[in-house]
Amino acid sequence: MRHSSIYGVFVCTVALFAAVLGDAVVEGISNANILWHGEYTDRSSLDLLPVFLLAVAALMLTQGLSLLAQARETGVSTRALIVSTSRALMPREISRLLPAIFALQILVLFSMETTEQIVVYGHALGGALWLGGPVAMSLLTHALFAVAAAFSISHVVSALGNALTRIVKGIFARFVVRARSVIVLAPERVFCALALIVTTALVERGPPLSVALS
């Protein structure tokens, strides 16, 4: 199975989640003046919910469509695809994807904040306001969220895959047991039905002709 599609979906999903969560934390700290003071935000969080919903949709829809497409192309079982997906997101592979995740995360952050400013104020506010805080602290916080989101989401994907595998195996096992019971019981039921028919016919027949003449 090709892992490139899994990696692409994973990078996009993590970048979206990390951008939303990191932006919420950094802007929250800035607005509350907890660790630093100054005007670092546009005082709006209008962009968080739409991007979060987009992240959830990306995680659910793209992964599902990828699994179905791979199943049609390769004929591999769904269980094998789930196991392959889980193995593809190993810690070593996730570490290699972190630079791409962080780069896309910053691009998403810039896009969502700039779009929000245009919607709320009618124009982009410019400068580094889209970072939501001091440049160094904002980038460091977003980098930490990129790492945390990457390993957390990979764990969730693996856990859900294993759970789905157990469910599918349980359903398949019950189906096999029921199918075997039907196959075993079917000849016995046919034999019992034939015996009942023969017995009923003998009971309903009249006495033999020799008995009737005597």
# chains A, B, ... in the order shown; residues from 1 in each chain; ligands from 1
>>> residues_around(residues="Val26 (chain A)", least_positions_apart="4", cutoff="7 Å", atoms="only C-alpha atoms", output="count of residues only")
5
>>> residues_around(residues="region 117-131 of chain A", least_positions_apart="4", cutoff="7 Å", atoms="only C-alpha atoms", output="mmCIF file with C-alpha atoms, in the first residue's frame")
data_model
loop_
_atom_site.group_PDB
_atom_site.id
_atom_site.type_symbol
_atom_site.label_atom_id
_atom_site.label_comp_id
_atom_site.auth_asym_id
_atom_site.auth_seq_id
_atom_site.Cartn_x
_atom_site.Cartn_y
_atom_site.Cartn_z
ATOM 1 C CA TYR A 40 -0.542 41.603 19.547
ATOM 2 C CA THR A 41 -4.012 40.476 18.443
ATOM 3 C CA PHE A 110 -1.380 33.436 8.319
ATOM 4 C CA GLU A 113 -5.833 35.381 10.622
ATOM 5 C CA VAL A 135 7.328 36.621 17.161
ATOM 6 C CA SER A 138 4.484 32.689 19.087
#
>>> atom_distance(atom1="CA of Pro50 (chain A)", atom2="CA of Pro134 (chain A)")
24.8 Å
>>> atom_distance(atom1="CA of Leu109 (chain A)", atom2="CA of Pro91 (chain A)")
25.1 Å
>>> closest_residue(among="A:His155, A:His37, A:His142, A:Arg43", to="Gln105 (chain A)", atoms="only C-alpha atoms")
A:His142
>>> residues_around(residues="Met90 (chain A)", least_positions_apart="6", cutoff="10 Å", atoms="only C-alpha atoms", output="ChimeraX atom specification")
/A:151,154-155,158
